[in-house]
file input_5.txt (compact mmCIF, C-alpha atoms and all ligand atoms)
# COMPACT_ATOMS: atom_id res chain seq x y z
CA MET A 150 81.93 92.43 85.68
CA LYS A 151 83.04 93.97 88.98
CA LYS A 152 84.97 97.20 88.43
CA PHE A 153 88.23 98.13 90.11
CA VAL A 154 88.80 101.35 92.00
CA VAL A 155 92.39 101.96 93.06
CA GLY A 156 93.29 104.76 95.47
CA ASN A 157 96.88 105.96 95.15
CA PHE A 158 97.73 107.78 98.38
CA LYS A 159 101.09 109.00 96.97
CA MET A 160 103.08 110.61 99.84
CA ASN A 161 100.09 111.70 101.90
CA THR A 162 98.89 111.01 105.47
CA THR A 163 100.71 109.36 108.36
CA PRO A 164 99.89 105.78 109.39
CA SER A 165 97.71 107.04 112.27
CA GLN A 166 95.89 109.43 109.94
CA PHE A 167 95.31 106.51 107.57
CA SER A 168 93.86 104.50 110.44
CA SER A 169 91.44 107.36 111.25
CA TYR A 170 90.63 107.58 107.53
CA LEU A 171 89.64 103.88 107.60
CA ASP A 172 87.37 104.55 110.60
CA GLU A 173 85.40 106.84 108.33
CA PHE A 174 85.80 104.91 105.06
CA LEU A 175 85.02 101.32 106.04
CA PRO A 176 81.44 101.83 107.34
CA ARG A 177 80.60 103.76 104.17
CA ILE A 178 81.46 100.95 101.74
CA LYS A 179 79.90 98.03 103.63
CA ASP A 180 77.72 96.77 100.78
CA CYS A 181 79.89 98.03 97.97
CA LYS A 182 80.66 95.40 95.31
CA THR A 183 83.63 97.20 93.72
CA ASN A 184 87.14 95.71 93.89
CA ILE A 185 88.86 98.32 96.05
CA ILE A 186 92.64 98.58 96.26
CA PHE A 187 94.74 101.06 98.25
CA CYS A 188 98.25 101.78 96.96
CA LEU A 189 100.04 103.04 100.03
CA PRO A 190 103.36 104.26 101.36
CA ALA A 191 105.17 101.25 102.89
CA THR A 192 104.90 102.93 106.31
CA HIS A 193 101.14 102.26 106.18
CA PHE A 194 101.34 98.53 105.44
CA HIS A 195 101.02 97.38 109.05
CA VAL A 196 97.84 99.44 109.53
CA ALA A 197 96.48 98.18 106.21
CA SER A 198 97.20 94.56 106.99
CA LEU A 199 95.59 94.82 110.46
CA ARG A 200 92.55 96.79 109.40
CA LEU A 201 91.81 95.34 105.94
CA SER A 202 92.37 91.62 106.50
CA ALA A 203 88.73 91.11 107.53
CA THR A 204 87.45 93.00 104.45
CA ASN A 205 87.54 92.43 100.69
CA ILE A 206 89.77 95.46 100.25
CA LYS A 207 93.30 94.80 99.03
CA PHE A 208 96.36 96.95 99.37
CA GLY A 209 99.61 97.39 97.55
CA ALA A 210 102.80 99.38 97.17
CA GLN A 211 103.40 102.38 94.93
CA ASN A 212 106.72 101.02 93.63
CA ILE A 213 109.21 98.21 94.25
CA SER A 214 112.92 97.83 93.60
CA SER A 215 114.15 96.27 90.38
CA GLU A 216 116.71 94.39 92.50
CA LYS A 217 116.00 91.38 94.70
CA CYS A 218 118.01 92.57 97.72
CA GLY A 219 121.32 94.06 98.72
CA ALA A 220 123.00 97.44 98.45
CA CYS A 221 119.95 99.54 97.50
CA THR A 222 119.62 101.99 100.37
CA GLY A 223 116.14 103.45 100.61
CA GLU A 224 114.52 100.86 98.37
CA ILE A 225 111.91 98.22 99.16
CA SER A 226 111.97 94.77 97.59
CA ASN A 227 109.28 92.54 96.09
CA GLU A 228 109.55 90.06 98.99
CA MET A 229 109.35 92.78 101.65
CA VAL A 230 106.15 94.14 100.16
CA LYS A 231 104.61 90.70 99.74
CA ASP A 232 105.56 89.65 103.27
CA CYS A 233 103.64 92.66 104.66
CA GLY A 234 100.45 91.26 103.18
CA ALA A 235 100.27 93.39 100.06
CA ASP A 236 98.70 91.90 96.93
CA TYR A 237 99.50 94.64 94.43
CA THR A 238 102.10 97.14 93.36
CA LEU A 239 101.93 100.11 91.07
CA ILE A 240 104.79 100.13 88.59
CA GLY A 241 105.91 102.90 86.27
CA HIS A 242 103.77 105.72 87.67
CA SER A 243 104.76 108.89 85.82
CA GLU A 244 105.97 110.35 89.14
CA THR A 245 108.34 107.42 89.84
CA ARG A 246 109.43 107.38 86.18
CA ARG A 247 110.43 111.04 86.49
CA LYS A 248 111.68 111.35 90.08
CA PHE A 249 113.56 108.06 90.29
CA LYS A 250 114.74 108.10 86.68
CA GLU A 251 113.08 104.79 85.86
CA THR A 252 113.87 103.47 82.40
CA PRO A 253 111.64 101.23 80.28
CA GLU A 254 114.12 98.42 81.07
CA SER A 255 113.99 98.97 84.85
CA ILE A 256 110.19 99.01 84.67
CA ASN A 257 110.32 95.65 82.86
CA GLN A 258 112.64 94.36 85.59
CA LYS A 259 110.28 95.58 88.33
CA ILE A 260 107.35 93.80 86.69
CA ILE A 261 109.36 90.58 86.59
CA ARG A 262 110.31 91.04 90.28
CA ALA A 263 106.64 91.59 91.24
CA LEU A 264 105.42 88.52 89.37
CA GLU A 265 108.17 86.39 90.97
CA VAL A 266 106.48 86.79 94.37
CA ASN A 267 102.87 86.82 93.11
CA LEU A 268 102.37 90.53 93.51
CA LYS A 269 99.82 91.78 91.01
CA VAL A 270 101.02 94.68 88.88
CA ILE A 271 99.20 97.89 88.05
CA LEU A 272 101.36 99.16 85.21
CA CYS A 273 100.94 102.90 84.61
CA ILE A 274 101.43 104.33 81.15
CA GLY A 275 100.53 107.67 79.66
CA GLU A 276 101.44 110.33 77.14
CA THR A 277 102.62 113.91 77.57
CA LYS A 278 100.49 116.83 76.41
CA TYR A 279 102.92 117.35 73.52
CA GLU A 280 102.53 113.72 72.43
CA ARG A 281 98.73 114.06 72.55
CA THR A 282 98.64 117.29 70.56
CA THR A 283 101.07 115.93 67.94
CA LYS A 284 99.05 112.69 67.64
CA LYS A 285 101.87 110.55 69.02
CA THR A 286 99.85 109.03 71.89
CA LYS A 287 99.64 105.53 70.44
CA LEU A 288 103.32 105.53 69.51
CA SER A 289 104.30 106.66 73.00
CA LEU A 290 102.10 104.03 74.69
CA LYS A 291 103.40 101.36 72.32
CA ARG A 292 107.00 102.19 73.25
CA GLN A 293 106.14 102.04 76.95
CA LEU A 294 104.23 98.77 76.64
CA ASP A 295 106.62 96.98 74.27
CA THR A 296 109.53 97.29 76.70
CA ALA A 297 107.54 96.94 79.92
CA LEU A 298 106.01 93.62 78.83
CA LYS A 299 109.06 92.28 77.02
CA GLY A 300 109.82 88.62 77.67
CA LEU A 301 106.59 87.94 79.56
CA TYR A 302 104.47 84.90 78.83
CA GLU A 303 100.83 85.42 77.97
CA ASN A 304 99.67 83.59 81.10
CA GLU A 305 101.58 86.12 83.23
CA LEU A 306 99.40 88.92 81.91
CA ARG A 307 96.53 87.78 84.10
CA ASN A 308 98.45 89.32 87.01
CA ILE A 309 98.86 92.65 85.27
CA MET A 310 96.44 95.55 84.87
CA ILE A 311 97.21 98.61 82.83
CA ALA A 312 96.40 102.06 84.19
CA TYR A 313 96.13 104.60 81.41
CA GLU A 314 97.09 107.90 83.03
CA PRO A 315 97.79 110.78 80.64
CA ILE A 316 100.63 112.68 82.34
CA TRP A 317 98.95 116.01 81.60
CA ALA A 318 95.77 114.88 83.37
CA ILE A 319 97.44 113.99 86.68
CA GLY A 320 96.56 116.51 89.37
CA THR A 321 95.64 119.20 86.83
CA GLY A 322 91.85 119.04 86.76
CA LYS A 323 92.11 118.35 83.00
CA THR A 324 90.96 115.07 81.50
CA PRO A 325 90.64 113.56 78.03
CA THR A 326 87.11 113.27 76.70
CA PRO A 327 85.37 109.92 77.19
CA LYS A 328 85.75 109.33 73.42
CA GLU A 329 89.51 110.00 73.61
CA ILE A 330 89.80 107.54 76.51
CA GLU A 331 87.74 104.93 74.66
CA ASP A 332 89.95 105.28 71.56
CA THR A 333 93.14 105.12 73.62
CA VAL A 334 92.01 102.04 75.52
CA LYS A 335 91.33 100.42 72.14
CA ASP A 336 94.85 101.39 71.03
CA ILE A 337 96.25 99.80 74.20
CA LYS A 338 94.32 96.60 73.52
CA ASP A 339 95.56 96.61 69.89
CA ILE A 340 99.15 96.87 71.15
CA ILE A 341 98.54 93.91 73.48
CA THR A 342 97.05 91.97 70.57
CA ASP A 343 100.14 92.69 68.45
CA ASN A 344 102.50 91.60 71.24
CA PHE A 345 100.42 88.66 72.48
CA THR A 346 96.96 87.59 71.26
CA VAL A 347 93.42 88.95 70.84
CA ARG A 348 92.41 86.84 73.82
CA ALA A 349 95.11 88.40 75.98
CA ALA A 350 93.94 91.86 74.95
CA GLU A 351 90.30 91.07 75.67
CA LYS A 352 91.14 89.80 79.14
CA MET A 353 93.44 92.70 80.05
CA ASN A 354 91.91 95.10 82.57
CA VAL A 355 92.59 98.70 81.63
CA LEU A 356 91.93 101.45 84.18
CA TYR A 357 91.70 105.17 83.60
CA GLY A 358 93.43 107.65 85.94
CA GLY A 359 93.91 111.42 86.01
CA SER A 360 91.84 114.11 87.78
CA ILE A 361 89.01 111.77 88.73
CA THR A 362 86.55 113.30 91.17
CA GLU A 363 83.33 112.26 92.82
CA SER A 364 81.40 114.22 90.21
CA ASN A 365 83.14 113.03 87.02
CA CYS A 366 83.88 109.39 87.97
CA SER A 367 80.74 107.76 86.60
CA GLN A 368 81.29 109.07 83.05
CA PHE A 369 84.77 107.49 83.05
CA SER A 370 83.81 104.16 84.58
CA LYS A 371 81.11 103.68 81.93
CA ILE A 372 83.51 104.00 78.99
CA LYS A 373 83.69 100.91 76.78
CA GLY A 374 86.80 98.86 77.62
CA VAL A 375 87.48 100.65 80.93
CA SER A 376 87.60 98.17 83.84
CA GLY A 377 87.99 100.75 86.57
CA LEU A 378 89.64 103.88 87.89
CA LEU A 379 92.95 104.92 89.45
CA VAL A 380 92.32 107.82 91.76
CA GLY A 381 94.92 110.19 93.27
CA GLY A 382 93.86 113.37 95.08
CA ALA A 383 90.19 112.42 95.44
CA CYS A 384 90.99 109.21 97.34
CA LEU A 385 92.38 111.19 100.28
CA ASN A 386 88.91 112.21 101.38
CA ALA A 387 87.22 109.12 102.86
CA LYS A 388 83.68 110.26 102.00
CA SER A 389 84.54 111.19 98.40
CA PHE A 390 86.50 108.00 97.82
CA ALA A 391 83.70 105.87 99.28
CA ASN A 392 81.27 107.57 96.89
CA ILE A 393 83.60 106.96 93.94
CA CYS A 394 83.87 103.28 94.92
CA LYS A 395 80.08 103.02 95.18
P1 LIG B 401 94.94 112.66 90.46
O1 LIG B 401 93.70 111.83 90.61
O2 LIG B 401 95.24 113.50 91.67
O3 LIG B 401 94.95 113.43 89.18
O4 LIG B 401 96.16 111.63 90.39
C1 LIG B 401 96.09 110.58 89.51
C2 LIG B 401 97.18 109.65 89.81
O5 LIG B 401 98.34 109.98 89.61
C3 LIG B 401 96.83 108.35 90.37
O6 LIG B 401 97.92 107.47 90.30

call {"tool": "encode", "arguments": {"input": "input_5.txt", "output": "structure tokens"}}
result
Amino acid sequence: MKKFVVGNFKMNTTPSQFSSYLDEFLPRIKDCKTNIIFCLPATHFHVASLRLSATNIKFGAQNISSEKCGACTGEISNEMVKDCGADYTLIGHSETRRKFKETPESINQKIIRALEVNLKVILCIGETKYERTTKKTKLSLKRQLDTALKGLYENELRNIMIAYEPIWAIGTGKTPTPKEIEDTVKDIKDIITDNFTVRAAEKMNVLYGGSITESNCSQFSKIKGVSGLLVGGACLNAKSFANICK
């Protein structure tokens, strides 16, 4: 099966820098069979839609509002993102959970908003270092997943991917071992089975994210149950990200 590689630009580059980045990136991935997705600041959507429409590369937002429209200064709605040509949105990244005080309920609401306009969701979940060391990872992920996916029908899960990103591995250069990731992905699939069905769990794409680099990416992408990678810092270098995608 074709793997996914998602590049999360976070709050980096200007639109013109992103355009120059694509000048370098696009020729490098010409024959690459990976499903590539850029999760971009909304300011970059016009460049993405112009430059990526003739490619197989998709783009998406890093967050959307839990509201449809109205008095939400500074926010961007599901319809706005979709209308710009985006196909995806990240939801519940640990940085938006923390900085924008997202709650499990608002994350659930954002997922519902995304699905309403056919935006595919990359739902980020992950444990703290304390939860990992006290063996509470599964419990923490279960709490996050139970509320995030509450009220959804099984057929809606086909538009959702889960990105397992341990909070302590984001931007730190530290990663879980491949065995720890494999076990955690199995835990995630067990939680999906409990909330939905075995079939739903089997079909669910689970990505790994956190301190992925050009040199460690292949060991993570080969892990049983892992359908791809969510890359932060290393996606900002066009050559490195192209190599990760390849
Ligand atoms: P890093 O790859 O920089 O650790 O970031 C991971 C991440 O947060 C992707 O969403």

call {"tool": "residues_near_ligand", "arguments": {"input": "input_5.txt", "ligand": "ligand LIG 401 (chain B)", "cutoff": "8 Å", "atoms": "only C-alpha atoms and all ligand atoms", "output": "ChimeraX atom specification"}}
result
/A:156-157,159,242-244,273,314,318-322,358-362,379-384

call {"tool": "closest_atom_pairs", "arguments": {"input": "input_5.txt", "of": "region 214-286 of chain A", "to": "region 190-205 of chain A", "cutoff": "10 Å", "atoms": "only C-alpha atoms", "output": "tab-separated table"}}
result
residue	atom	partner	partner_atom	distance
A:Ile225	CA	A:Ala191	CA	8.3
A:Met229	CA	A:Ala191	CA	9.5
A:Val230	CA	A:Ala191	CA	7.7
A:Cys233	CA	A:Phe194	CA	6.4
A:Gly234	CA	A:Ser198	CA	6.0
A:Ala235	CA	A:Phe194	CA	7.5

call {"tool": "atom_distance", "arguments": {"input": "input_5.txt", "atom1": "CA of Leu356 (chain A)", "atom2": "CA of Ile372 (chain A)"}}
result
10.2 Å

call {"tool": "atom_distance", "arguments": {"input": "input_5.txt", "atom1": "CA of Phe153 (chain A)", "atom2": "CA of Lys352 (chain A)"}}
result
14.1 Å

call {"tool": "atom_distance", "arguments": {"input": "input_5.txt", "atom1": "CA of Lys328 (chain A)", "atom2": "CA of Ile240 (chain A)"}}
result
26.0 Å

call {"tool": "build_atoms", "arguments": {"input": "input_5.txt", "residues": "region 343-369 of chain A", "atoms": "N, CA and C atoms", "output": "PDB file, in the coordinates of the input"}}
result
ATOM      1  N   ASP A 343      98.950  92.831  69.295  1.00  0.00           N
ATOM      2  CA  ASP A 343     100.140  92.690  68.450  1.00  0.00           C
ATOM      3  C   ASP A 343     101.263  91.951  69.186  1.00  0.00           C
ATOM      4  N   ASN A 344     101.403  92.216  70.482  1.00  0.00           N
ATOM      5  CA  ASN A 344     102.500  91.600  71.240  1.00  0.00           C
ATOM      6  C   ASN A 344     102.158  90.204  71.761  1.00  0.00           C
ATOM      7  N   PHE A 345     100.848  89.948  71.941  1.00  0.00           N
ATOM      8  CA  PHE A 345     100.420  88.660  72.480  1.00  0.00           C
ATOM      9  C   PHE A 345      99.297  88.130  71.577  1.00  0.00           C
ATOM     10  N   THR A 346      98.072  88.091  72.080  1.00  0.00           N
ATOM     11  CA  THR A 346      96.960  87.590  71.260  1.00  0.00           C
ATOM     12  C   THR A 346      95.709  88.441  71.507  1.00  0.00           C
ATOM     13  N   VAL A 347      94.708  88.249  70.667  1.00  0.00           N
ATOM     14  CA  VAL A 347      93.420  88.950  70.840  1.00  0.00           C
ATOM     15  C   VAL A 347      92.830  88.591  72.198  1.00  0.00           C
ATOM     16  N   ARG A 348      92.949  87.310  72.542  1.00  0.00           N
ATOM     17  CA  ARG A 348      92.410  86.840  73.820  1.00  0.00           C
ATOM     18  C   ARG A 348      93.070  87.563  75.002  1.00  0.00           C
ATOM     19  N   ALA A 349      94.374  87.707  74.905  1.00  0.00           N
ATOM     20  CA  ALA A 349      95.110  88.400  75.980  1.00  0.00           C
ATOM     21  C   ALA A 349      94.619  89.843  76.101  1.00  0.00           C
ATOM     22  N   ALA A 350      94.391  90.464  74.951  1.00  0.00           N
ATOM     23  CA  ALA A 350      93.940  91.860  74.950  1.00  0.00           C
ATOM     24  C   ALA A 350      92.532  91.984  75.531  1.00  0.00           C
ATOM     25  N   GLU A 351      91.674  91.025  75.162  1.00  0.00           N
ATOM     26  CA  GLU A 351      90.300  91.070  75.670  1.00  0.00           C
ATOM     27  C   GLU A 351      90.269  90.933  77.182  1.00  0.00           C
ATOM     28  N   LYS A 352      91.154  90.078  77.688  1.00  0.00           N
ATOM     29  CA  LYS A 352      91.140  89.800  79.140  1.00  0.00           C
ATOM     30  C   LYS A 352      91.831  90.895  79.951  1.00  0.00           C
ATOM     31  N   MET A 353      92.659  91.705  79.314  1.00  0.00           N
ATOM     32  CA  MET A 353      93.440  92.700  80.050  1.00  0.00           C
ATOM     33  C   MET A 353      92.546  93.784  80.641  1.00  0.00           C
ATOM     34  N   ASN A 354      92.653  94.006  81.942  1.00  0.00           N
ATOM     35  CA  ASN A 354      91.910  95.100  82.570  1.00  0.00           C
ATOM     36  C   ASN A 354      92.669  96.400  82.373  1.00  0.00           C
ATOM     37  N   VAL A 355      91.973  97.384  81.827  1.00  0.00           N
ATOM     38  CA  VAL A 355      92.590  98.700  81.630  1.00  0.00           C
ATOM     39  C   VAL A 355      91.813  99.729  82.462  1.00  0.00           C
ATOM     40  N   LEU A 356      92.546 100.423  83.330  1.00  0.00           N
ATOM     41  CA  LEU A 356      91.930 101.450  84.180  1.00  0.00           C
ATOM     42  C   LEU A 356      92.218 102.824  83.590  1.00  0.00           C
ATOM     43  N   TYR A 357      91.373 103.781  83.948  1.00  0.00           N
ATOM     44  CA  TYR A 357      91.700 105.170  83.600  1.00  0.00           C
ATOM     45  C   TYR A 357      92.062 105.926  84.880  1.00  0.00           C
ATOM     46  N   GLY A 358      93.078 106.789  84.810  1.00  0.00           N
ATOM     47  CA  GLY A 358      93.430 107.650  85.940  1.00  0.00           C
ATOM     48  C   GLY A 358      93.827 109.034  85.473  1.00  0.00           C
ATOM     49  N   GLY A 359      93.561 110.016  86.322  1.00  0.00           N
ATOM     50  CA  GLY A 359      93.910 111.420  86.010  1.00  0.00           C
ATOM     51  C   GLY A 359      92.746 112.330  86.299  1.00  0.00           C
ATOM     52  N   SER A 360      92.853 113.104  87.417  1.00  0.00           N
ATOM     53  CA  SER A 360      91.840 114.110  87.780  1.00  0.00           C
ATOM     54  C   SER A 360      90.425 113.547  87.918  1.00  0.00           C
ATOM     55  N   ILE A 361      90.342 112.336  88.455  1.00  0.00           N
ATOM     56  CA  ILE A 361      89.010 111.770  88.730  1.00  0.00           C
ATOM     57  C   ILE A 361      88.473 112.386  90.012  1.00  0.00           C
ATOM     58  N   THR A 362      87.213 112.744  89.990  1.00  0.00           N
ATOM     59  CA  THR A 362      86.550 113.300  91.170  1.00  0.00           C
ATOM     60  C   THR A 362      85.237 112.536  91.379  1.00  0.00           C
ATOM     61  N   GLU A 363      84.626 112.863  92.519  1.00  0.00           N
ATOM     62  CA  GLU A 363      83.330 112.260  92.820  1.00  0.00           C
ATOM     63  C   GLU A 363      82.329 112.613  91.723  1.00  0.00           C
ATOM     64  N   SER A 364      82.430 113.815  91.166  1.00  0.00           N
ATOM     65  CA  SER A 364      81.400 114.220  90.210  1.00  0.00           C
ATOM     66  C   SER A 364      81.664 113.738  88.771  1.00  0.00           C
ATOM     67  N   ASN A 365      82.939 113.468  88.416  1.00  0.00           N
ATOM     68  CA  ASN A 365      83.140 113.030  87.020  1.00  0.00           C
ATOM     69  C   ASN A 365      83.368 111.515  86.897  1.00  0.00           C
ATOM     70  N   CYS A 366      83.438 110.787  88.038  1.00  0.00           N
ATOM     71  CA  CYS A 366      83.880 109.390  87.970  1.00  0.00           C
ATOM     72  C   CYS A 366      82.946 108.489  87.160  1.00  0.00           C
ATOM     73  N   SER A 367      81.632 108.738  87.242  1.00  0.00           N
ATOM     74  CA  SER A 367      80.740 107.760  86.600  1.00  0.00           C
ATOM     75  C   SER A 367      80.867 107.821  85.074  1.00  0.00           C
ATOM     76  N   GLN A 368      81.137 109.026  84.524  1.00  0.00           N
ATOM     77  CA  GLN A 368      81.290 109.070  83.050  1.00  0.00           C
ATOM     78  C   GLN A 368      82.521 108.287  82.600  1.00  0.00           C
ATOM     79  N   PHE A 369      83.567 108.230  83.448  1.00  0.00           N
ATOM     80  CA  PHE A 369      84.770 107.490  83.050  1.00  0.00           C
ATOM     81  C   PHE A 369      84.602 105.987  83.243  1.00  0.00           C
TER      82      PHE A 369
END
